[in-house]
Structures are given as structure tokens and as C-alpha cells.
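Structure below is work_17.txt: compact mmCIF, C-alpha atoms.
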# COMPACT_ATOMS: atom_id res chain seq x y z
CA MET A 713 14.61 10.13 -2.52
CA SER A 714 10.93 10.39 -1.57
CA SER A 715 9.07 11.86 1.38
CA ILE A 716 6.34 9.55 2.64
CA THR A 717 3.68 9.56 5.32
CA LEU A 718 2.44 6.27 6.72
CA ILE A 719 -1.13 6.42 7.99
CA GLY A 720 -1.32 3.38 10.25
CA THR A 721 0.92 1.62 12.72
CA GLY A 722 0.56 -2.09 11.92
CA ASN A 723 2.86 -4.68 10.35
CA MET A 724 2.83 -3.23 6.84
CA ALA A 725 3.49 0.29 8.13
CA ARG A 726 6.45 -1.01 10.13
CA THR A 727 7.83 -3.06 7.25
CA ILE A 728 7.44 -0.38 4.57
CA GLY A 729 8.74 2.22 7.01
CA THR A 730 11.83 0.15 7.77
CA LEU A 731 12.62 -0.28 4.08
CA ALA A 732 11.90 3.40 3.40
CA VAL A 733 14.34 4.53 6.08
CA ALA A 734 17.00 2.14 4.79
CA GLY A 735 16.44 3.56 1.30
CA GLY A 736 17.14 7.10 2.45
CA ASN A 737 13.56 8.38 2.32
CA THR A 738 12.00 10.90 4.70
CA VAL A 739 9.32 9.17 6.77
CA GLU A 740 6.41 10.45 8.87
CA VAL A 741 4.04 8.27 10.91
CA MET A 742 0.40 9.10 11.67
CA GLY A 743 -1.82 6.93 13.84
CA ARG A 744 -5.01 7.34 15.85
CA ASP A 745 -3.36 5.70 18.84
CA ARG A 746 -0.61 8.05 20.07
CA SER A 747 1.23 5.34 22.00
CA LYS A 748 1.36 3.05 18.95
CA SER A 749 2.59 5.95 16.83
CA ASP A 750 5.27 6.73 19.39
CA ASP A 751 6.34 3.08 19.46
CA LEU A 752 6.59 2.88 15.67
CA VAL A 753 8.55 6.13 15.44
CA ALA A 754 10.97 4.84 18.08
CA THR A 755 11.28 1.49 16.28
CA LEU A 756 12.01 3.10 12.92
CA GLY A 757 14.37 5.75 14.33
CA HIS A 758 16.67 7.61 11.92
CA GLY A 759 14.81 10.92 12.02
CA VAL A 760 11.32 9.48 11.52
CA THR A 761 8.73 11.98 12.74
CA LYS A 762 5.22 11.67 14.16
CA GLY A 763 2.43 13.69 12.58
CA GLU A 764 -0.82 14.69 14.23
CA TRP A 765 -3.81 12.64 13.14
CA GLY A 766 -5.88 14.54 10.56
CA ALA A 767 -3.24 17.21 9.89
CA VAL A 768 -1.72 17.83 6.47
CA PRO A 769 0.75 14.96 5.91
CA ALA A 770 4.38 16.01 5.51
CA GLY A 771 5.00 13.33 2.88
CA ASP A 772 4.33 13.83 -0.80
CA ILE A 773 3.36 10.14 -0.91
CA VAL A 774 0.74 9.05 1.64
CA ILE A 775 0.45 5.31 2.25
CA THR A 776 -2.82 4.21 3.85
CA ALA A 777 -1.51 1.25 5.83
CA VAL A 778 -4.86 0.33 7.39
CA LEU A 779 -7.38 -2.47 6.88
CA TYR A 780 -9.52 -2.15 3.78
CA ASP A 781 -12.65 -1.06 5.62
CA GLY A 782 -10.72 1.80 7.21
CA VAL A 783 -9.24 3.27 4.03
CA LEU A 784 -12.23 5.26 2.77
CA PRO A 785 -13.12 6.63 6.24
CA VAL A 786 -9.51 7.80 6.66
CA VAL A 787 -9.36 9.49 3.25
CA THR A 788 -12.74 11.10 3.87
CA GLU A 789 -11.72 12.29 7.33
CA TYR A 790 -8.45 13.81 6.07
CA GLY A 791 -10.28 15.47 3.18
CA ASP A 792 -8.52 18.51 1.75
CA ALA A 793 -5.42 17.73 3.84
CA LEU A 794 -4.61 15.19 1.11
CA ALA A 795 -4.95 17.65 -1.79
CA GLY A 796 -2.01 17.39 -4.17
CA LYS A 797 -0.64 14.26 -2.49
CA VAL A 798 -0.19 10.80 -3.97
CA ILE A 799 -2.29 8.28 -2.04
CA VAL A 800 -1.09 4.67 -2.13
CA ASP A 801 -3.73 2.08 -1.24
CA ILE A 802 -2.19 -1.22 -0.15
CA SER A 803 -5.34 -2.91 1.13
CA ASN A 804 -7.09 -6.17 0.20
CA PRO A 805 -10.90 -6.29 0.57
CA PHE A 806 -11.39 -9.98 1.23
CA ASN A 807 -14.71 -11.43 2.32
CA ALA A 808 -15.08 -13.17 5.68
CA ALA A 809 -14.29 -16.60 4.21
CA PHE A 810 -11.19 -15.36 2.36
CA ASP A 811 -12.52 -16.96 -0.83
CA GLY A 812 -13.70 -13.83 -2.63
CA LEU A 813 -13.62 -10.04 -2.62
CA ALA A 814 -15.91 -7.97 -0.43
CA HIS A 815 -17.05 -5.84 -3.39
CA ASP A 816 -20.39 -6.53 -4.99
CA LYS A 817 -19.24 -5.03 -8.31
CA GLU A 818 -16.09 -4.70 -10.41
CA THR A 819 -14.37 -1.96 -8.45
CA SER A 820 -11.54 -1.63 -5.93
CA ILE A 821 -10.70 0.26 -2.78
CA ALA A 822 -8.30 2.42 -4.81
CA GLN A 823 -11.04 3.35 -7.28
CA GLU A 824 -13.35 4.22 -4.41
CA VAL A 825 -10.58 6.35 -2.88
CA ALA A 826 -10.22 8.25 -6.17
CA GLU A 827 -13.94 9.08 -6.02
CA VAL A 828 -13.71 10.76 -2.59
CA ALA A 829 -10.16 12.18 -2.66
CA PRO A 830 -9.66 15.92 -3.30
CA ALA A 831 -9.24 17.07 -6.90
CA GLY A 832 -5.64 16.83 -8.06
CA THR A 833 -4.83 13.91 -5.78
CA GLY A 834 -3.12 10.95 -7.45
CA VAL A 835 -4.22 7.45 -6.39
CA VAL A 836 -2.08 4.35 -6.89
CA LYS A 837 -2.71 0.73 -5.92
CA ALA A 838 0.48 -1.04 -4.81
CA PHE A 839 2.01 -3.56 -2.36
CA ASN A 840 -1.27 -5.49 -1.87
CA THR A 841 0.03 -8.74 -3.42
CA ILE A 842 2.94 -9.02 -0.97
CA PHE A 843 2.89 -10.52 2.52
CA SER A 844 4.63 -8.34 5.12
CA GLY A 845 7.04 -11.15 6.03
CA VAL A 846 8.13 -11.50 2.40
CA LEU A 847 8.54 -7.74 2.12
CA GLU A 848 10.80 -7.88 5.18
CA LYS A 849 13.03 -10.67 3.91
CA GLY A 850 12.79 -10.75 0.13
CA ARG A 851 12.86 -8.68 -3.02
CA PRO A 852 9.40 -9.19 -4.54
CA ASP A 853 8.03 -7.37 -7.57
CA VAL A 854 5.64 -4.54 -6.71
CA PHE A 855 2.67 -4.17 -9.06
CA LEU A 856 1.25 -0.66 -9.58
CA ALA A 857 -2.05 0.57 -11.01
CA GLY A 858 -3.19 4.14 -11.46
CA ASP A 859 -4.54 6.75 -13.86
CA ASP A 860 -2.06 9.52 -12.98
CA ALA A 861 1.24 8.93 -14.80
CA ARG A 862 3.16 11.33 -12.56
CA ALA A 863 1.80 9.68 -9.41
CA LYS A 864 2.78 6.23 -10.69
CA ALA A 865 6.25 7.49 -11.59
CA ASP A 866 6.68 8.92 -8.08
CA VAL A 867 5.59 5.65 -6.49
CA ALA A 868 7.85 3.67 -8.84
CA THR A 869 10.81 5.82 -7.77
CA PHE A 870 9.94 5.15 -4.13
CA VAL A 871 9.64 1.40 -4.78
CA GLU A 872 13.07 1.39 -6.45
CA SER A 873 14.55 3.13 -3.40
CA LEU A 874 13.47 0.07 -1.41
CA GLY A 875 15.53 -2.16 -3.68
CA LEU A 876 12.39 -3.55 -5.33
CA ARG A 877 11.16 -3.66 -8.93
CA PRO A 878 8.00 -1.70 -9.76
CA LEU A 879 5.81 -3.14 -12.52
CA ASP A 880 3.06 -0.96 -14.00
CA VAL A 881 -0.07 -2.99 -14.78
CA GLY A 882 -2.03 -0.09 -16.25
CA ALA A 883 -4.93 2.17 -15.34
CA LEU A 884 -6.60 2.42 -11.94
CA ARG A 885 -9.37 0.04 -13.05
CA MET A 886 -6.69 -2.67 -12.95
CA ALA A 887 -6.62 -2.24 -9.17
CA HIS A 888 -9.65 -4.55 -9.04
CA TRP A 889 -7.56 -7.30 -10.61
CA LEU A 890 -4.62 -6.58 -8.32
CA GLU A 891 -6.99 -7.19 -5.43
CA GLY A 892 -7.87 -10.46 -7.15
CA MET A 893 -4.16 -11.27 -7.31
CA GLY A 894 -3.99 -10.63 -3.57
CA LEU A 895 -6.76 -13.18 -3.11
CA VAL A 896 -4.92 -15.69 -5.35
CA THR A 897 -1.78 -15.20 -3.25
CA VAL A 898 -3.64 -15.99 -0.03
CA SER A 899 -5.29 -19.01 -1.67
CA LEU A 900 -1.92 -20.32 -2.84
CA ALA A 901 -0.56 -19.96 0.69
CA GLY A 902 -3.39 -22.11 1.99
CA ASN A 903 -3.30 -24.65 -0.80
CA GLY A 904 -0.77 -25.25 -3.58
CA VAL A 905 2.22 -23.50 -2.01
CA GLY A 906 1.27 -24.29 1.57
CA HIS A 907 3.23 -21.48 3.28
CA TRP A 908 3.52 -17.68 3.31
CA ASP A 909 7.15 -17.25 2.21
CA PHE A 910 6.58 -16.47 -1.48
CA ALA A 911 5.32 -13.73 -3.77
CA LEU A 912 3.85 -13.47 -7.23
CA GLY A 913 6.22 -11.95 -9.79
CA VAL A 914 7.22 -11.77 -13.42
CA ASP A 915 9.91 -13.88 -15.08
CA GLU A 916 10.90 -12.71 -18.56
CA PHE A 917 11.97 -15.24 -21.21
CA THR A 918 13.88 -14.11 -24.28
CA GLY A 919 15.55 -15.85 -27.18
Rewritten as C-alpha cells:
Amino acid sequence: MSSITLIGTGNMARTIGTLAVAGGNTVEVMGRDRSKSDDLVATLGHGVTKGEWGAVPAGDIVITAVLYDGVLPVVTEYGDALAGKVIVDISNPFNAAFDGLAHDKETSIAQEVAEVAPAGTGVVKAFNTIFSGVLEKGRPDVFLAGDDARAKADVATFVESLGLRPLDVGALRMAHWLEGMGLVTVSLAGNGVGHWDFALGVDEFTG
């Protein structure tokens, strides 16, 4: 099983943490707000620990479960404390109208993280196409993008421990398109599907 650190204390941190504990993984929580960190640790239970903000994370896999505009500041603030870790970016950089991405070029938060992370740190985009409620109740596919094969393999193993299917979409530059898929998912919820209880996935047809 994997050892993970969740940086953040919101809905996705709680949901991923709950699944991680159920899957037998070692889980650490880090949050700026000590009371929220304490509450999440108590909610997750089962030996989950609380780390000090800014310290070296105990987990080999570090999930930045914060809003997109907080991801780069967090990675920059932690700096060398993240050296040798695998950083998983789960964010979606939507614009204010939720009808486009906040980037002004073909990039992604994960690619920007890779530019500021310490040397030797693996960066993987994952979980951004899944609503937290669906992750709680369903078994959606989890799309992964990254340049480091070992890092992707580690994240895939973690995803499988949650009872989910990891699907590798390619290099880290594909993270931009995964963010686009996140936008499509939100647009479907507001239009063609009309609710939030669904996820994008892959059906395979043979014969």
C-alpha cells in the first residue's frame, strides 16, 4: 500500500482520505488551519496523523487538495521539503464564468508545478475530472498524466488501492487537456446531463 500526505482539508481531501484509509494506505493530513486539520484527522481516524504545515511530508505521494490558485504557492512554500516526493495535482483552473480555463496559454497547473518543484520530484495530474460526491459513492475511472513513469506507476497503484481504475493519458502536457475534460464535466452537469452524479470514463468495445 501507499503512504500519502494530503495538503488541504476540504471535500476532496476528506473523500480521498476516506478511500485511502479504507484501502489500507498510510495517511497524513497537513492544513494551514490547525482546527480544520484536527477535525479531518478525527473524521478519518484509523491512525491518520497530522503533519506540521511546511514540514517534510511523511507520505511518498503528496496530494495538493487545494484550489487551483493555491497549488503553486503551496509547492513554492514547501520547496525542498517536497524533494523526491510524487506531487499529485487534482485542481481545475476554471475562469470566473466556468466556461473556460484560467490559463492564457496551453499549459496546466501540473506543468507549472513541475517548473517550480525541486529536482527529482515527480508530478502527476489526476482526480480532476471527478466530482467529490461521485468519488464518495461510485467507482469512476481516474485519468493520469505525467512525464515520470515511476511516479505515474506509484499513483496508479494508489488509485487501484481505492478500488478505482487508473488510465494513463500520456505525458504531463496532457494535463492541459485533462483540465479541459474537467471543464467539459462541469458543463455537462449544467446542461446535457443536468446533475452532478456522473463521471467521464472509458468503455471498451471488442469483437
Selection near Gly796 in chain A, 9 Å with all atoms listed in the file, sequence-local residues under 4 positions removed, as number ranges by chain: A: 772, 792, 830-834
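From CA of Met742 in chain A back to CA of Gly771 in chain A, the distance works out to 10.8 Å.
Separating CA of Ala911 in chain A from CA of Gly845 in chain A is a distance of 10.3 Å.
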Within 12 Å of Arg862 in chain A using all atoms listed in the file, minus same-chain residues under 2 positions, as an MDAnalysis selection string: chainID A and resid 773 796:798 832:836 858:860 864:869
Shell of 9 Å around range 846-850 of chain A, only C-alpha atoms, local chain residues under 4 positions omitted, as JSON, numbers by chain: {"A": [724, 727, 728, 730, 731, 839, 842, 908, 909, 910, 911]}
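Neighbouring residues of His888 in chain A at 9 Å or closer, counting all atoms listed in the file and skipping chain neighbours under 6 positions away, are Glu818, Thr819, Ser820, Ile821, Ala822 and Gln823 of chain A.
Interatomic distance, CA of Val828 in chain A against CA of Gly791 in chain A: 8.2 Å.
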